[in-house]
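The next block is target_32.cif, given as mmCIF, C-alpha atoms.
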```
data_query
#
loop_
_atom_site.label_atom_id
_atom_site.label_comp_id
_atom_site.auth_asym_id
_atom_site.auth_seq_id
_atom_site.Cartn_x
_atom_site.Cartn_y
_atom_site.Cartn_z
CA MET A 1448 84.77 -65.05 65.65
CA LYS A 1449 85.02 -68.84 65.34
CA ASP A 1450 88.08 -70.99 64.49
CA LYS A 1451 90.54 -68.25 65.48
CA LYS A 1452 93.55 -70.57 65.54
CA LEU A 1453 92.67 -72.17 62.22
CA ARG A 1454 92.38 -68.71 60.65
CA LYS A 1455 95.84 -67.86 61.98
CA TYR A 1456 97.34 -71.06 60.54
CA ILE A 1457 95.72 -70.42 57.14
CA TYR A 1458 96.92 -66.82 57.14
CA TYR A 1459 100.56 -67.72 57.80
CA MET A 1460 100.50 -70.64 55.37
CA LEU A 1461 99.13 -68.43 52.59
CA LEU A 1462 101.48 -65.57 53.44
CA THR A 1463 104.47 -67.90 53.06
CA GLY A 1464 103.10 -69.55 49.92
CA LEU A 1465 102.17 -66.32 48.16
CA SER A 1466 105.52 -64.74 49.07
CA CYS A 1467 107.22 -67.69 47.35
CA VAL A 1468 104.93 -67.29 44.31
CA VAL A 1469 105.79 -63.58 44.00
CA PHE A 1470 109.51 -64.27 44.52
CA PHE A 1471 109.58 -66.99 41.83
CA ALA A 1472 107.50 -64.84 39.49
CA VAL A 1473 109.90 -61.90 39.81
CA MET A 1474 112.86 -64.25 39.25
CA PHE A 1475 111.11 -65.52 36.11
CA LEU A 1476 110.70 -61.97 34.83
CA ILE A 1477 114.42 -61.34 35.38
CA PHE A 1478 116.02 -64.68 34.42
CA GLY A 1479 113.24 -66.63 32.66
CA GLY A 1480 113.49 -70.43 32.48
CA VAL A 1481 112.32 -72.78 35.18
CA TRP A 1482 111.27 -70.05 37.64
CA GLY A 1483 107.93 -69.67 35.84
CA LYS A 1484 106.96 -73.29 36.37
CA LEU A 1485 108.11 -73.05 39.98
CA ALA A 1486 105.90 -69.98 40.55
CA LEU A 1487 102.81 -71.54 38.97
CA GLY A 1488 103.44 -74.94 40.57
CA THR A 1489 103.68 -73.31 44.00
CA LEU A 1490 100.46 -71.43 43.29
CA LEU A 1491 98.69 -74.68 42.40
CA CYS A 1492 99.92 -76.29 45.62
CA LEU A 1493 98.28 -73.62 47.78
CA PRO A 1494 94.64 -74.88 47.69
CA PRO A 1495 95.61 -78.46 48.73
CA ALA A 1496 97.95 -77.01 51.36
CA ARG A 1497 95.04 -74.95 52.66
CA LEU A 1498 92.92 -78.09 52.88
CA LEU A 1499 95.66 -79.85 54.85
CA THR A 1500 95.83 -76.87 57.20
CA GLU A 1501 92.05 -77.07 57.63
CA ILE A 1502 92.22 -80.79 58.47
CA PHE A 1503 94.90 -80.04 61.06
CA GLY A 1504 93.05 -77.01 62.50
CA PHE A 1505 89.61 -78.63 62.65
CA SER A 1506 91.04 -81.82 64.17
CA LYS A 1507 92.78 -79.78 66.85
CA SER A 1508 89.54 -78.02 67.77
CA LYS A 1509 87.72 -81.40 67.64
CA ASN A 1510 85.44 -80.37 64.77
CA TYR A 1511 85.82 -83.75 63.12
CA GLY A 1512 82.89 -83.27 60.73
CA PHE A 1513 84.51 -80.31 59.03
CA ALA A 1514 87.90 -82.07 59.06
CA LEU A 1515 86.21 -84.99 57.26
CA ILE A 1516 84.81 -82.64 54.59
CA SER A 1517 88.31 -81.22 53.98
CA THR A 1518 89.66 -84.78 53.74
CA ILE A 1519 86.99 -85.71 51.17
CA LEU A 1520 87.84 -82.57 49.18
CA ILE A 1521 91.55 -83.38 49.16
CA ILE A 1522 90.76 -86.93 47.95
CA MET A 1523 88.58 -85.43 45.19
CA LEU A 1524 91.47 -83.19 44.13
CA PHE A 1525 93.88 -86.13 44.16
CA LEU A 1526 91.50 -88.24 42.04
CA GLU A 1527 91.19 -85.35 39.58
CA TYR A 1528 94.99 -85.28 39.33
CA LYS A 1529 95.20 -89.05 38.80
CA ILE A 1530 92.51 -89.00 36.09
CA MET B 933 99.79 -55.68 22.35
CA ASN B 934 102.63 -55.28 24.84
CA ILE B 935 102.68 -58.17 27.28
CA TRP B 936 103.61 -55.86 30.20
CA LEU B 937 100.12 -54.37 29.90
CA LEU B 938 98.82 -57.57 31.48
CA ILE B 939 100.05 -56.42 34.90
CA PRO B 940 97.78 -53.31 35.11
CA ILE B 941 94.93 -55.20 33.42
CA GLY B 942 95.36 -58.02 35.96
CA PHE B 943 95.36 -55.44 38.76
CA VAL B 944 91.96 -54.09 37.71
CA ILE B 945 90.50 -57.59 37.27
CA GLY B 946 91.87 -58.70 40.66
CA LEU B 947 90.41 -55.59 42.29
CA ILE B 948 86.92 -56.18 40.86
CA GLY B 949 87.07 -59.96 41.35
CA SER B 950 88.06 -59.87 45.00
CA MET B 951 85.59 -57.09 45.87
CA PHE B 952 82.64 -59.04 44.52
CA GLY B 953 83.85 -62.55 45.34
CA ILE B 954 83.94 -63.59 41.69
CA GLY B 955 86.95 -65.26 40.14
CA GLY B 956 87.51 -62.84 37.30
CA GLY B 957 87.35 -65.48 34.56
CA LEU B 958 84.46 -63.47 33.14
CA PHE B 959 87.04 -60.82 32.17
CA VAL B 960 90.35 -62.72 31.84
CA VAL B 961 89.29 -65.03 28.98
CA PRO B 962 87.98 -62.26 26.64
CA VAL B 963 90.96 -59.98 27.43
CA LEU B 964 93.50 -62.69 26.59
CA HIS B 965 91.64 -64.22 23.67
CA PHE B 966 90.52 -61.08 21.87
CA GLY B 967 93.04 -58.53 23.18
CA PHE B 968 96.25 -60.59 23.18
CA LYS B 969 95.30 -63.26 20.61
CA VAL B 970 95.95 -66.10 23.07
CA PRO B 971 94.27 -69.35 21.85
CA LEU B 972 91.04 -70.11 23.74
CA HIS B 973 92.25 -73.19 25.63
CA GLN B 974 95.38 -71.40 26.83
CA ALA B 975 93.27 -68.38 27.81
CA ILE B 976 90.95 -70.61 29.87
CA ALA B 977 93.96 -72.31 31.51
CA CYS B 978 95.43 -68.92 32.39
CA SER B 979 92.05 -67.74 33.67
CA LEU B 980 91.76 -70.74 36.03
CA LEU B 981 95.22 -70.08 37.48
CA THR B 982 94.43 -66.40 37.98
CA ILE B 983 91.26 -67.41 39.85
CA VAL B 984 93.42 -69.54 42.17
CA ALA B 985 95.75 -66.55 42.71
CA SER B 986 92.90 -64.13 43.32
CA SER B 987 91.17 -66.53 45.70
CA MET B 988 94.33 -67.24 47.71
CA MET B 989 95.18 -63.55 48.08
CA ALA B 990 91.59 -62.67 48.99
CA THR B 991 91.57 -65.48 51.57
CA MET B 992 94.84 -64.29 53.07
CA SER B 993 93.59 -60.71 53.40
CA LYS B 994 90.21 -61.70 54.81
CA VAL B 995 90.60 -64.82 56.86
CA ARG B 996 92.04 -63.13 59.94
CA ASN B 997 89.29 -60.50 60.12
CA GLY B 998 86.68 -63.20 60.48
CA VAL B 999 84.78 -62.09 57.37
CA THR B 1000 85.21 -65.48 55.72
CA ASN B 1001 82.87 -68.14 57.08
CA ILE B 1002 85.08 -71.22 56.67
CA ARG B 1003 82.41 -73.62 57.98
CA LEU B 1004 79.75 -72.40 55.54
CA SER B 1005 82.26 -72.70 52.71
CA LYS B 1006 82.98 -76.31 53.76
CA ALA B 1007 79.27 -77.12 53.84
CA LEU B 1008 78.73 -75.83 50.30
CA GLU B 1009 81.92 -77.05 48.61
CA ILE B 1010 81.08 -80.76 48.20
CA PRO B 1011 77.58 -80.19 46.69
CA SER B 1012 78.86 -77.55 44.29
CA ILE B 1013 81.81 -79.68 43.11
CA SER B 1014 79.50 -82.72 42.76
CA GLY B 1015 77.09 -80.58 40.71
CA ALA B 1016 79.98 -79.42 38.51
CA ILE B 1017 81.14 -83.02 37.93
CA PHE B 1018 77.58 -84.09 37.04
CA GLY B 1019 77.23 -81.03 34.78
CA SER B 1020 80.41 -81.78 32.87
CA ALA B 1021 79.22 -85.39 32.36
CA VAL B 1022 75.87 -84.43 30.83
CA VAL B 1023 76.86 -81.17 29.15
CA GLY B 1024 76.33 -82.49 25.61
CA ALA B 1025 72.89 -83.92 26.33
CA MET B 1026 71.35 -80.74 27.76
CA PRO B 1027 69.50 -78.12 25.66
CA LEU B 1028 71.77 -75.13 26.40
CA SER B 1029 69.25 -72.51 25.35
CA VAL B 1030 66.76 -73.70 28.00
CA LEU B 1031 69.48 -73.61 30.65
CA LYS B 1032 70.52 -70.12 29.59
CA ILE B 1033 66.96 -68.82 29.81
CA MET B 1034 66.53 -70.46 33.22
CA PHE B 1035 69.80 -68.99 34.48
CA SER B 1036 68.90 -65.52 33.19
CA ALA B 1037 65.52 -65.64 34.96
CA VAL B 1038 67.16 -66.70 38.24
CA ALA B 1039 69.90 -64.05 37.84
CA VAL B 1040 67.30 -61.29 37.32
CA ALA B 1041 65.33 -62.48 40.37
CA MET B 1042 68.51 -62.53 42.49
CA ALA B 1043 69.53 -59.09 41.21
CA VAL B 1044 66.12 -57.69 42.19
CA ASP B 1045 66.53 -59.23 45.65
CA MET B 1046 70.04 -57.76 45.84
CA PHE B 1047 68.66 -54.28 45.09
CA LYS B 1048 66.13 -54.39 47.97
CA ASN B 1049 68.52 -53.32 50.72
CA PRO B 1050 70.30 -50.51 48.76
CA VAL B 1051 66.93 -49.09 47.63
CA ARG B 1052 65.69 -49.08 51.24
CA VAL B 1053 68.88 -47.34 52.44
CA LEU B 1054 68.83 -44.78 49.61
CA ALA B 1055 65.17 -44.06 50.40
CA GLY B 1056 66.21 -43.13 53.94
CA GLY B 1057 65.48 -46.46 55.65
CA LYS B 1058 67.79 -48.52 57.86
CA GLU B 1059 70.26 -51.14 56.64
CA ARG B 1060 69.37 -54.82 56.94
CA VAL B 1061 69.69 -56.14 60.49
CA TYR B 1062 71.07 -59.65 61.03
CA THR B 1063 70.10 -61.95 63.88
CA ALA B 1064 72.95 -63.25 66.01
CA GLY B 1065 73.21 -67.03 66.36
CA GLY B 1066 73.50 -68.85 69.66
CA GLU B 1067 76.66 -70.44 71.04
CA GLY B 1068 75.64 -73.89 69.82
CA ASP B 1069 75.06 -72.73 66.24
CA ALA B 1070 78.02 -74.13 64.26
CA PHE B 1071 77.60 -71.73 61.35
CA ALA B 1072 76.81 -68.49 63.22
CA ASP B 1073 79.73 -66.07 63.28
CA SER B 1074 80.68 -62.42 63.63
CA PHE B 1075 83.11 -59.96 62.09
CA ARG B 1076 84.13 -56.36 62.58
CA ASP B 1077 82.81 -54.12 59.79
CA LYS B 1078 85.41 -51.39 59.28
CA ALA B 1079 82.94 -49.26 57.28
CA THR B 1080 80.58 -48.83 60.23
CA GLY B 1081 83.00 -49.66 63.06
CA ARG B 1082 80.52 -52.19 64.48
CA THR B 1083 80.73 -55.93 65.06
CA VAL B 1084 78.19 -57.69 62.86
CA ARG B 1085 76.81 -60.92 64.33
CA TYR B 1086 74.87 -63.13 61.99
CA GLN B 1087 73.25 -66.52 61.69
CA VAL B 1088 73.34 -68.73 58.61
CA LYS B 1089 69.78 -69.69 57.69
CA ASN B 1090 68.13 -72.14 55.26
CA LEU B 1091 71.14 -74.44 55.04
CA LYS B 1092 68.80 -77.26 54.00
CA TRP B 1093 67.95 -75.19 50.92
CA ALA B 1094 71.46 -73.88 50.35
CA VAL B 1095 72.89 -77.38 49.81
CA PRO B 1096 70.60 -78.34 46.86
CA VAL B 1097 70.87 -74.81 45.45
CA SER B 1098 74.66 -75.12 45.66
CA LEU B 1099 74.45 -78.44 43.80
CA THR B 1100 72.41 -76.72 41.07
CA ALA B 1101 74.86 -73.81 41.06
CA GLY B 1102 77.78 -76.17 40.45
CA PHE B 1103 75.80 -77.87 37.69
CA LEU B 1104 74.94 -74.55 36.01
CA SER B 1105 78.47 -73.24 36.37
CA SER B 1106 79.95 -76.22 34.53
CA THR B 1107 77.25 -76.50 31.84
CA LEU B 1108 77.12 -72.77 31.07
CA GLY B 1109 80.82 -72.07 31.64
CA ILE B 1110 80.16 -69.24 34.09
CA GLY B 1111 82.25 -68.65 37.18
CA GLY B 1112 81.04 -69.92 40.52
CA GLY B 1113 81.17 -66.49 42.20
CA VAL B 1114 78.30 -65.05 40.19
CA ILE B 1115 76.11 -67.78 41.70
CA ASN B 1116 77.78 -68.16 45.12
CA VAL B 1117 77.41 -64.56 46.30
CA PRO B 1118 73.63 -64.26 45.69
CA LEU B 1119 73.19 -67.79 47.07
CA ILE B 1120 74.90 -66.94 50.36
CA THR B 1121 73.24 -63.52 50.59
CA ASN B 1122 69.69 -64.40 49.51
CA VAL B 1123 69.27 -68.00 50.62
CA CYS B 1124 71.57 -68.19 53.66
CA LYS B 1125 70.78 -64.59 54.69
CA ALA B 1126 74.42 -63.80 55.49
CA PRO B 1127 75.86 -60.27 55.03
CA VAL B 1128 77.11 -59.48 51.52
CA LYS B 1129 80.72 -59.01 52.75
CA VAL B 1130 80.66 -62.51 54.24
CA ALA B 1131 79.17 -63.81 50.99
CA SER B 1132 81.90 -62.20 48.92
CA ALA B 1133 84.74 -63.41 51.17
CA THR B 1134 83.31 -66.93 51.52
CA SER B 1135 82.79 -67.16 47.76
CA SER B 1136 86.44 -66.12 47.16
CA TYR B 1137 87.52 -68.76 49.66
CA LYS B 1138 85.45 -71.43 47.91
CA LEU B 1139 86.48 -70.54 44.35
CA GLY B 1140 90.19 -71.34 44.73
CA LEU B 1141 89.58 -75.04 45.20
CA THR B 1142 87.20 -75.42 42.26
CA ALA B 1143 89.57 -73.52 39.96
CA CYS B 1144 92.54 -75.55 41.21
CA ALA B 1145 90.77 -78.80 40.30
CA GLY B 1146 90.31 -77.53 36.74
CA SER B 1147 93.73 -75.99 36.30
CA ILE B 1148 95.61 -79.16 37.36
CA MET B 1149 94.44 -80.81 34.13
CA TYR B 1150 95.50 -77.86 31.98
CA PHE B 1151 98.85 -77.68 33.78
CA LYS B 1152 99.49 -81.38 33.13
CA GLN B 1153 98.57 -81.06 29.46
CA GLY B 1154 100.93 -78.10 28.99
CA TYR B 1155 98.29 -75.50 28.13
CA ILE B 1156 99.84 -72.91 30.44
CA ILE B 1157 101.81 -70.08 28.80
CA PRO B 1158 104.16 -69.08 31.64
CA ASP B 1159 104.95 -65.45 30.69
CA VAL B 1160 101.33 -64.46 30.01
CA THR B 1161 100.04 -66.25 33.12
CA ILE B 1162 102.73 -64.87 35.41
CA MET B 1163 102.18 -61.28 34.28
CA MET B 1164 98.45 -61.70 34.88
CA VAL B 1165 98.97 -63.43 38.24
CA LEU B 1166 101.27 -60.65 39.51
CA GLY B 1167 98.70 -57.98 38.59
CA ILE B 1168 95.84 -59.99 40.05
CA LEU B 1169 97.63 -60.64 43.35
CA ALA B 1170 98.16 -56.90 43.84
CA GLY B 1171 94.62 -56.07 42.73
CA ALA B 1172 93.04 -58.71 44.95
CA TYR B 1173 94.91 -57.40 48.00
CA VAL B 1174 93.74 -53.83 47.38
CA GLY B 1175 90.20 -55.00 46.49
CA MET B 1176 89.79 -56.90 49.74
CA ASN B 1177 90.88 -53.90 51.79
CA ILE B 1178 88.43 -51.68 49.90
CA LEU B 1179 85.65 -54.20 50.50
CA LEU B 1180 86.15 -53.96 54.25
CA ARG B 1181 85.86 -50.18 54.18
CA VAL B 1182 82.94 -49.77 51.76
CA LYS B 1183 79.37 -49.79 53.05
CA ALA B 1184 77.56 -53.04 52.30
CA PHE B 1185 74.73 -51.49 50.29
CA TYR B 1186 77.15 -50.14 47.66
CA ILE B 1187 78.45 -53.67 47.13
CA GLU B 1188 74.90 -55.03 46.90
CA LEU B 1189 74.01 -52.32 44.38
CA LEU B 1190 77.05 -52.97 42.20
CA PHE B 1191 76.69 -56.74 42.43
CA GLY B 1192 73.01 -56.49 41.45
CA MET B 1193 74.08 -54.52 38.37
CA LEU B 1194 76.72 -57.14 37.59
CA MET B 1195 74.08 -59.90 37.85
CA LEU B 1196 71.79 -58.03 35.45
CA GLY B 1197 74.74 -57.62 33.05
CA VAL B 1198 75.46 -61.38 33.16
CA ALA B 1199 71.75 -62.16 32.58
CA VAL B 1200 71.63 -59.85 29.54
CA LYS B 1201 74.89 -61.31 28.17
CA MET B 1202 73.47 -64.83 28.60
CA LEU B 1203 70.24 -63.92 26.78
CA MET B 1204 72.15 -62.22 23.98
CA SER B 1205 74.22 -65.37 23.40
CA LEU B 1206 71.06 -67.42 22.63
#
```
What do you get writing this file as structure tokens?
Amino acid sequence: MKDKKLRKYIYYMLLTGLSCVVFFAVMFLIFGGVWGKLALGTLLCLPPARLLTEIFGFSKSKNYGFALISTILIIMLFLEYKI
Amino acid sequence: MNIWLLIPIGFVIGLIGSMFGIGGGLFVVPVLHFGFKVPLHQAIACSLLTIVASSMMATMSKVRNGVTNIRLSKALEIPSISGAIFGSAVVGAMPLSVLKIMFSAVAVAMAVDMFKNPVRVLAGGKERVYTAGGEGDAFADSFRDKATGRTVRYQVKNLKWAVPVSLTAGFLSSTLGIGGGVINVPLITNVCKAPVKVASATSSYKLGLTACAGSIMYFKQGYIIPDVTIMMVLGILAGAYVGMNILLRVKAFYIELLFGMLMLGVAVKMLMSL
């Protein structure tokens, strides 16, 4: 299996992120209000956070080509947000 | 209808979506629009967010087992997003009926190819054997198949064809409004010759980013209905987790058989909408 460390980083990042999403979602169901936006905002942050993790992981294993692809993708996402 | 029903409905959609590597937008939009009378734009916005949720959960469940081929996903992401951007720019100028007929023909061909392995196994033959890649092969990988208890080593082939096909897939997905998964899974299985479980997991991995790009715009414009989306997301997260664990334990030919049927269904639906 390739990129073992990167897979571990992604797993823990997503575990933390999704736990927050579920926590905020449950809080929204109980209290309503701003918790909903927090849950959905956190969910939307996960794909860019995954890309950042990939850049970090690929750079550490010296796979600069793949790290560059992740960087391009994050720029594309950012441009989409700006537009 | 009672809004709490969205949790079990989301569970079923998440289960199916994560098993086959499709986002689930195929089901979410009609359920919300026709079943819960949610306006179409809000239903699409909710559907995109649920795809992000399903993809992230599927990635989390799969990434440590090695079933997801991160490198292959990276190689196909830029062409498919570029194709989608090009598609959305020329969508008005294209004759949709021609595109729909073309897509249906390709979908039927891919479904037939998908059926080859299950038919061989059901006729008493052996399952497809994959060739292991060498150490220097950047895209070759392996994973442990829990259904058979064996380690499957495979090589990614025809990458020079997969890139333009992925570009076309992105183009078709944005012009026809179909999810990327329906195209990604057959692409990775039939063109790249990777196992169907890898195709499904890699497609799930890839989908989250594409859906995120779309949902940012809807989020900014305030199209998201929080209560509906959150109910759906909670159901989908649970469903996607269960679906991914089922996928690891089910024999590959069942997935190929069911996915082939799904492809035929999409082709028929596309032809009927002409």
What residues in chain B have any atom no more than 6 Å from chain A when counting all atoms listed in the file, and can you write them as JSON, numbers by chain? {"B": [992, 995, 996, 998, 1073, 1074, 1141, 1145, 1158]}
What is the atom CA of Val1084 of chain B to atom CA of Met1195 of chain B distance in Å?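 Taking atom CA of Val1084 of chain B as the start and atom CA of Met1195 of chain B as the end point, the length is 25.4 Å.
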Would you write out, as a PyMOL selection string, every residue that the PyMOL selection byres ((chain B and resi 940) around 12) captures in this file? chain B and resi 934-939+941-947+1163-1171
Rounded to one decimal place, report the atom CA of Ile1002 of chain B-atom CA of Thr1100 of chain B distance in Å.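 Pair atom CA of Ile1002 of chain B / atom CA of Thr1100 of chain B returns 20.8 Å.
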For the file shown, report as a list in words the outcome of the PyMOL selection byres ((chain B and resi 1205) around 12) at residue level.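 This file gives the following for the PyMOL selection byres ((chain B and resi 1205) around 12): Leu1028, Ser1029, Leu1031, Lys1032, Ile1033, Ser1036, Leu1108, Val1198, Ala1199, Val1200, Lys1201, Met1202, Leu1203, Met1204 and Leu1206 of chain B.
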From atom CA of Ser979 of chain B to atom CA of Val1160 of chain B the spacing works out at 10.5 Å
Could you tell me which residues the PyMOL selection byres ((chain B and resi 955-966) around 6) returns for this structure, as a VMD selection string? chain B and resid 949 954 967 to 970 972 975 to 976 979 983
Nearest to Leu1119 of chain B: which of B:Leu1139, B:Cys978, B:Ala1101, B:Leu1179 is it, counting only C-alpha atoms?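 Ranked by minimum distance to Leu1119 of chain B, first place goes to B:Ala1101.
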Between B:Ala1064, B:Ala1025, B:Ala1079, B:Val1174, which one has atoms that come closest to Lys1125 of chain B, using only C-alpha atoms? B:Ala1064
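Among the candidate residues B:Leu1180, B:Leu1091, B:Ala990, B:Ile1010, the one lying nearest to Ile1522 of chain A is B:Ile1010, with distances computed using only C-alpha atoms.
The residue that comes closest to Tyr1173 of chain B, out of B:Ser950, B:Ala1070, B:Thr1083, B:Gly1197 and on the basis of all atoms listed in the file, is B:Ser950.
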Find the residues near segment 1183-1185 of chain B: any atom within 12 Å, counting only C-alpha atoms, skip ones fewer than 6 places away on the same chain, and give them as number ranges by chain. B: 951-952, 1046-1054, 1057-1061, 1077-1082, 1084, 1121, 1126-1132, 1191-1192
Tell me which protein, DNA and RNA residues are within 7 Å of Tyr1155 of chain B, counting all atoms listed in the file, leaving out same-chain ones fewer than 4 positions away, and put them as a VMD selection string. chain B and resid 973 to 974 977 1150 to 1151
